[in-house]
$ cat run_3.txt   # compact mmCIF, C-alpha atoms
# COMPACT_ATOMS: atom_id res chain seq x y z
CA MET K 1 98.75 64.00 125.55
CA VAL K 2 102.28 62.60 125.52
CA LEU K 3 102.65 63.62 121.88
CA VAL K 4 101.53 67.18 122.61
CA MET K 5 103.90 67.54 125.56
CA ALA K 6 106.76 66.26 123.44
CA LEU K 7 105.86 68.74 120.73
CA MET K 8 105.80 71.59 123.26
CA SER K 9 109.24 70.63 124.56
CA ALA K 10 110.64 70.54 121.03
CA ILE K 11 109.20 73.93 120.16
CA THR K 12 110.51 75.44 123.40
CA ALA K 13 114.01 74.18 122.62
CA LEU K 14 113.86 75.59 119.09
CA VAL K 15 112.68 78.99 120.33
CA GLN K 16 115.46 79.17 122.92
CA MET K 17 118.07 78.36 120.27
CA TRP K 18 116.65 81.00 117.95
CA ALA K 19 116.55 83.60 120.72
CA LYS K 20 120.17 82.93 121.57
CA GLU K 21 121.31 83.32 117.98
CA MET K 22 119.39 86.56 117.42
CA ASN K 23 120.47 88.05 120.77
CA PHE K 24 116.81 88.22 121.74
CA THR K 25 117.68 87.43 125.33
CA SER K 26 120.02 90.41 125.62
CA GLU K 27 117.38 92.74 124.21
CA MET K 28 114.93 91.48 126.80
CA GLU K 29 117.42 92.12 129.58
CA GLN K 30 118.01 95.69 128.37
CA ALA K 31 114.29 96.24 128.44
CA GLY K 32 114.12 95.16 132.05
CA ALA K 33 112.31 91.97 131.13
CA ALA K 34 115.01 89.37 131.44
CA ARG K 35 112.61 86.91 133.03
CA ARG K 36 110.08 87.09 130.26
CA LYS K 37 110.02 83.97 128.12
CA PRO K 38 108.06 83.01 125.03
CA VAL K 39 104.64 81.66 125.95
CA ILE K 40 103.45 78.48 124.22
CA VAL K 41 99.68 78.30 123.92
CA VAL K 42 98.07 74.96 123.14
CA CYS K 43 94.55 74.76 121.82
CA TRP K 44 93.29 71.40 123.04
CA ILE K 45 90.34 71.53 120.67
CA SER K 46 92.32 71.99 117.44
CA LYS K 47 95.42 70.37 119.00
CA ARG K 48 97.55 73.21 117.58
CA CYS K 49 100.38 75.04 119.27
CA SER K 50 101.13 78.73 118.93
CA ILE K 51 104.01 80.84 120.24
CA ARG K 52 103.46 84.30 121.72
CA PHE K 53 106.12 86.75 122.80
CA PRO K 54 105.43 89.27 125.57
CA THR K 55 104.80 92.84 124.45
CA GLY K 56 104.57 96.18 126.22
CA ARG K 57 107.46 98.03 127.81
CA MET K 58 110.06 95.77 126.19
CA ASP K 59 108.80 96.74 122.72
CA GLU K 60 108.95 100.43 123.60
CA THR K 61 112.50 100.10 124.87
CA ILE K 62 113.75 98.14 121.89
CA LYS K 63 112.37 100.71 119.49
CA ASP K 64 114.56 103.76 119.03
CA LYS K 65 113.09 106.59 121.01
CA LYS K 66 112.72 109.89 119.28
CA LYS K 67 115.40 112.16 120.66
CA GLU K 68 115.17 115.92 120.88
CA PHE K 69 117.43 117.83 118.53
CA ILE K 70 118.11 121.42 117.53
CA SER K 71 119.85 121.96 114.21
CA VAL K 72 120.99 125.39 113.09
CA TRP K 73 122.66 126.59 109.92
CA VAL K 74 124.21 129.96 109.10
CA ARG K 75 124.55 130.33 105.35
CA ASP K 76 123.84 132.37 102.23
CA PRO K 77 125.83 135.54 103.05
CA ARG K 78 124.61 138.56 101.10
CA VAL K 79 126.10 142.01 100.74
CA LYS K 80 123.61 144.78 101.55
CA LYS K 81 123.94 148.52 101.02
CA GLU K 82 123.71 150.53 104.23
CA ASP K 83 124.11 153.86 102.48
CA SER K 84 125.95 155.27 99.49
CA TRP K 85 129.34 154.61 101.07
CA HIS K 86 128.87 151.64 103.36
CA SER K 87 127.79 148.06 102.94
CA TYR K 88 127.49 145.06 105.24
CA VAL K 89 126.91 141.30 105.04
CA ASP K 90 123.93 139.53 106.51
CA TYR K 91 123.46 135.79 106.89
CA GLU K 92 120.52 133.44 106.77
CA ILE K 93 119.89 131.51 110.00
CA CYS K 94 117.79 128.38 109.60
CA VAL K 95 116.52 126.34 112.53
CA HIS K 96 115.05 122.85 112.44
CA THR K 97 114.09 121.24 115.73
CA ASN K 98 111.61 119.04 117.55
CA SER K 99 112.37 120.67 120.91
CA MET K 100 109.40 121.73 123.03
CA CYS K 101 111.32 124.91 123.85
CA PHE K 102 110.61 126.32 120.39
CA THR K 103 107.31 127.76 119.24
CA LYS K 104 108.03 126.86 115.61
CA LYS K 105 109.98 123.79 114.54
CA THR K 106 111.32 125.33 111.34
CA SER K 107 112.28 128.93 110.67
CA CYS K 108 114.62 131.16 108.68
CA VAL K 109 115.69 134.74 109.37
CA ARG K 110 118.53 137.00 108.29
CA ARG K 111 120.95 138.66 110.71
CA ARG K 112 124.16 140.66 110.50
CA TYR K 113 127.26 140.40 112.66
CA ARG K 114 126.28 143.42 114.75
CA GLU K 115 123.08 141.65 115.81
CA PHE K 116 125.01 138.51 116.81
CA ALA K 117 127.22 140.68 119.01
CA TRP K 118 124.12 142.22 120.61
CA LEU K 119 122.63 138.78 121.26
CA ARG K 120 125.76 137.50 122.95
CA GLN K 121 125.91 140.52 125.25
CA ARG K 122 122.25 140.22 126.24
CA LEU K 123 122.53 136.49 126.89
CA GLN K 124 125.61 137.10 129.02
CA ASP K 125 123.84 139.85 130.99
CA ASN K 126 121.03 137.43 131.84
CA ALA K 127 123.28 134.47 132.63
CA VAL K 128 126.27 135.97 134.39
CA LEU K 129 127.47 132.66 135.84
CA ILE K 130 127.72 131.01 132.43
CA SER K 131 130.72 131.32 130.17
CA LEU K 132 129.29 131.97 126.74
CA PRO K 133 131.02 130.84 123.54
CA GLU K 134 132.92 133.49 121.65
CA LEU K 135 131.93 135.06 118.36
CA PRO K 136 134.41 135.01 115.49
CA PRO K 137 136.72 137.98 116.13
CA LYS K 138 135.88 141.24 114.43
CA ASN K 139 138.53 141.76 111.79
CA PRO K 140 139.31 145.47 111.22
CA PHE K 141 140.33 144.53 107.69
CA PHE K 142 137.17 142.54 107.00
CA SER K 143 135.96 143.02 103.45
CA ALA K 144 132.53 142.03 102.21
CA SER K 145 134.05 141.37 98.82
CA ASN K 146 136.63 138.94 100.24
CA VAL K 147 135.09 135.47 99.90
CA GLN K 148 137.46 133.91 102.43
CA HIS K 149 136.66 136.54 105.06
CA VAL K 150 132.94 136.06 104.59
CA GLU K 151 133.06 132.24 104.67
CA GLN K 152 135.22 132.20 107.81
CA ARG K 153 132.84 134.55 109.61
CA CYS K 154 129.82 132.54 108.44
CA GLN K 155 131.33 129.34 109.84
CA GLY K 156 132.26 131.07 113.10
CA LEU K 157 128.73 132.40 113.56
CA GLN K 158 127.26 128.93 113.04
CA GLU K 159 129.64 127.42 115.60
CA PHE K 160 128.64 130.17 118.04
CA LEU K 161 124.93 129.39 117.70
CA GLU K 162 125.49 125.63 117.88
CA LYS K 163 127.27 126.04 121.21
CA VAL K 164 124.67 128.48 122.55
CA LEU K 165 121.85 126.04 121.75
CA GLN K 166 123.62 123.33 123.74
CA ILE K 167 123.33 125.40 126.94
CA ASN K 168 119.91 124.47 128.33
CA VAL K 169 119.46 127.49 130.57
CA LEU K 170 119.75 129.83 127.57
CA LEU K 171 116.82 128.13 125.84
CA SER K 172 114.51 129.89 128.30
CA ASP K 173 115.68 133.34 127.18
CA SER K 174 113.00 134.87 124.96
CA ARG K 175 115.57 137.13 123.27
CA LEU K 176 117.24 134.07 121.79
CA HIS K 177 113.94 132.85 120.33
CA LEU K 178 113.05 136.26 118.94
CA PHE K 179 116.52 136.51 117.41
CA LEU K 180 116.26 133.08 115.75
CA GLN K 181 112.60 133.02 114.75
CA THR K 182 111.51 136.59 113.98
CA GLN K 183 112.83 139.44 111.89
CA LEU K 184 112.42 142.01 114.68
CA ASN K 185 115.36 144.35 115.10
CA THR K 186 117.28 144.41 118.37
CA THR K 187 115.28 147.32 119.82
CA GLU K 188 112.00 145.55 119.06
CA ILE K 189 113.34 142.28 120.48
CA GLU K 190 114.26 144.01 123.73
CA ALA K 191 110.87 145.66 123.99
CA CYS K 192 108.98 142.43 123.29
CA ALA K 193 111.09 140.40 125.73
CA SER K 194 110.48 143.05 128.39
CA GLY K 195 106.70 142.97 127.88
CA GLN K 196 106.55 146.50 126.45
CA THR K 197 104.72 145.56 123.26
CA ASP K 198 101.10 144.71 122.54
CA TYR K 199 102.21 141.31 121.22
CA THR K 200 103.86 138.39 122.97
CA VAL K 201 106.94 136.41 122.00
CA ASP K 202 104.73 133.64 120.59
CA ASP K 203 102.71 136.21 118.63
CA ALA K 204 105.88 137.59 117.08
CA VAL K 205 107.15 134.13 116.11
CA HIS K 206 103.81 133.11 114.58
CA ARG K 207 103.54 136.42 112.74
CA HIS K 208 106.96 135.92 111.14
CA ALA K 209 106.14 132.30 110.25
CA THR K 210 102.91 133.43 108.56
CA SER K 211 104.65 136.11 106.51
CA ASN K 212 107.54 133.81 105.55
CA ARG K 213 105.91 130.73 104.04
CA ARG K 214 109.00 128.70 103.22
CA PHE K 215 107.88 125.58 105.05
CA PRO K 216 104.68 123.52 105.24
CA VAL K 217 102.17 124.73 107.80
CA GLU K 218 102.88 123.01 111.10
CA GLU K 219 100.19 121.13 112.94
CA ALA K 220 99.06 122.77 116.17
$ encode --input "run_3.txt" --output "structure tokens"
Amino acid sequence: MVLVMALMSAITALVQMWAKEMNFTSEMEQAGAARRKPVIVVCWISKRCSIRFPTGRMDETIKDKKKEFISVWVRDPRVKKEDSWHSYVDYEICVHTNSMCFTKKTSCVRRRYREFAWLRQRLQDNAVLISLPELPPKNPFFSASNVQHVEQRCQGLQEFLEKVLQINVLLSDSRLHLFLQTQLNTTEIEACASGQTDYTVDDAVHRHATSNRRFPVEEA
């Protein structure tokens, strides 16, 4: 008995030294379990000692929790012919997120500057108390053949969307989701958001995802 008690005391001292060196104590305090200590279990039959550390909430806290994120890219500008005399540039918008606000976690659509301007106006109309980020200014001398002009606008459009997606109240606006995750035009977006179509916002997003198989099928 005396030998076992001495062995327990020695093991306890070693564990405390190890915990101090590895900052185990501070991790326990952050987890709200500062009073939890290693438990030494002695099997009197085999006369063996084992050390057990408490589990549960502390383990969950120590592990990095999965944080919500919304990533958006505006890229791949392409010149499109509007008619025999006019052309315009559209841009690919890609979204990758784990946010519960989004029907699909990955999507890609193409939009032109005019549609970005429409989106900003509609978001502002529905959130009058919020100061929305600005779009890159419309340059009267903008040329689709000028690489610098196109790249600057592309970067400005991405910064606009990044700032919009940081405003939580805007994430509830169905027009934003239809803009980012369907290829509906602005008239169709307005009709769908207003409930004037025979399909819902989720239907439209799923329909676009089905017709645009660029990503693995997401689990329901």
$ residues_around --input "run_3.txt" --residues "K:Arg175" --least-positions-apart "3" --cutoff "9 Å" --atoms "all atoms listed in the file" --output "PDB file with C-alpha atoms, in the coordinates of the input"
ATOM      1  CA  LEU K 119     122.630 138.780 121.260  1.00  0.00           C
ATOM      2  CA  ARG K 122     122.250 140.220 126.240  1.00  0.00           C
ATOM      3  CA  LEU K 123     122.530 136.490 126.890  1.00  0.00           C
ATOM      4  CA  SER K 172     114.510 129.890 128.300  1.00  0.00           C
ATOM      5  CA  LEU K 178     113.050 136.260 118.940  1.00  0.00           C
ATOM      6  CA  PHE K 179     116.520 136.510 117.410  1.00  0.00           C
ATOM      7  CA  LEU K 180     116.260 133.080 115.750  1.00  0.00           C
ATOM      8  CA  THR K 186     117.280 144.410 118.370  1.00  0.00           C
ATOM      9  CA  ILE K 189     113.340 142.280 120.480  1.00  0.00           C
ATOM     10  CA  GLU K 190     114.260 144.010 123.730  1.00  0.00           C
ATOM     11  CA  CYS K 192     108.980 142.430 123.290  1.00  0.00           C
ATOM     12  CA  ALA K 193     111.090 140.400 125.730  1.00  0.00           C
ATOM     13  CA  VAL K 201     106.940 136.410 122.000  1.00  0.00           C
TER      14      VAL K 201
END
$ closest_residue --input "run_3.txt" --among "K:Ser194, K:Asp76, K:Asn126, K:Asp83" --to "K:Leu171" --atoms "only C-alpha atoms"
K:Asn126
$ residues_around --input "run_3.txt" --residues "K:Arg112" --least-positions-apart "3" --cutoff "7 Å" --atoms "all atoms listed in the file" --output "list of chain:residue names"
K:Val89, K:Asp90, K:Tyr91, K:Glu115, K:Phe116
$ write_last_selection --input "run_3.txt" --atoms "C-alpha atoms" --output "PDB file, in the coordinates of the input"
ATOM      1  CA  VAL K  89     126.910 141.300 105.040  1.00  0.00           C
ATOM      2  CA  ASP K  90     123.930 139.530 106.510  1.00  0.00           C
ATOM      3  CA  TYR K  91     123.460 135.790 106.890  1.00  0.00           C
ATOM      4  CA  GLU K 115     123.080 141.650 115.810  1.00  0.00           C
ATOM      5  CA  PHE K 116     125.010 138.510 116.810  1.00  0.00           C
TER       6      PHE K 116
END
$ atom_distance --input "run_3.txt" --atom1 "atom CA of K:Ser107" --atom2 "atom CA of K:Arg78"
18.3 Å
$ closest_residue --input "run_3.txt" --among "K:Lys67, K:Arg111, K:Lys105, K:Arg75" --to "K:Gln158" --atoms "all atoms listed in the file"
K:Arg75
$ closest_residue --input "run_3.txt" --among "K:Trp85, K:Tyr199, K:Phe102, K:Phe142" --to "K:Phe69" --atoms "only C-alpha atoms"
K:Phe102
$ closest_residue --input "run_3.txt" --among "K:Val128, K:Cys101, K:Val150, K:Ala117" --to "K:Val79" --atoms "all atoms listed in the file"
K:Val150
$ axis_aligned_box --input "run_3.txt" --around "stretch 134-140 of chain K" --padding-each-side "4 Å" --output "JSON"
{"center_x": 135.6, "center_y": 139.5, "center_z": 116.4, "size_x": 15.4, "size_y": 20.0, "size_z": 18.4}
$ atom_distance --input "run_3.txt" --atom1 "atom CA of K:Gln181" --atom2 "atom CA of K:Met100"
14.4 Å
$ residues_around --input "run_3.txt" --residues "stretch 159-163 of chain K" --least-positions-apart "6" --cutoff "8 Å" --atoms "only C-alpha atoms" --output "PyMOL selection string"
chain K and resi 71-72+133-136
$ atom_distance --input "run_3.txt" --atom1 "atom CA of K:Thr200" --atom2 "atom CA of K:Asn212"
18.4 Å
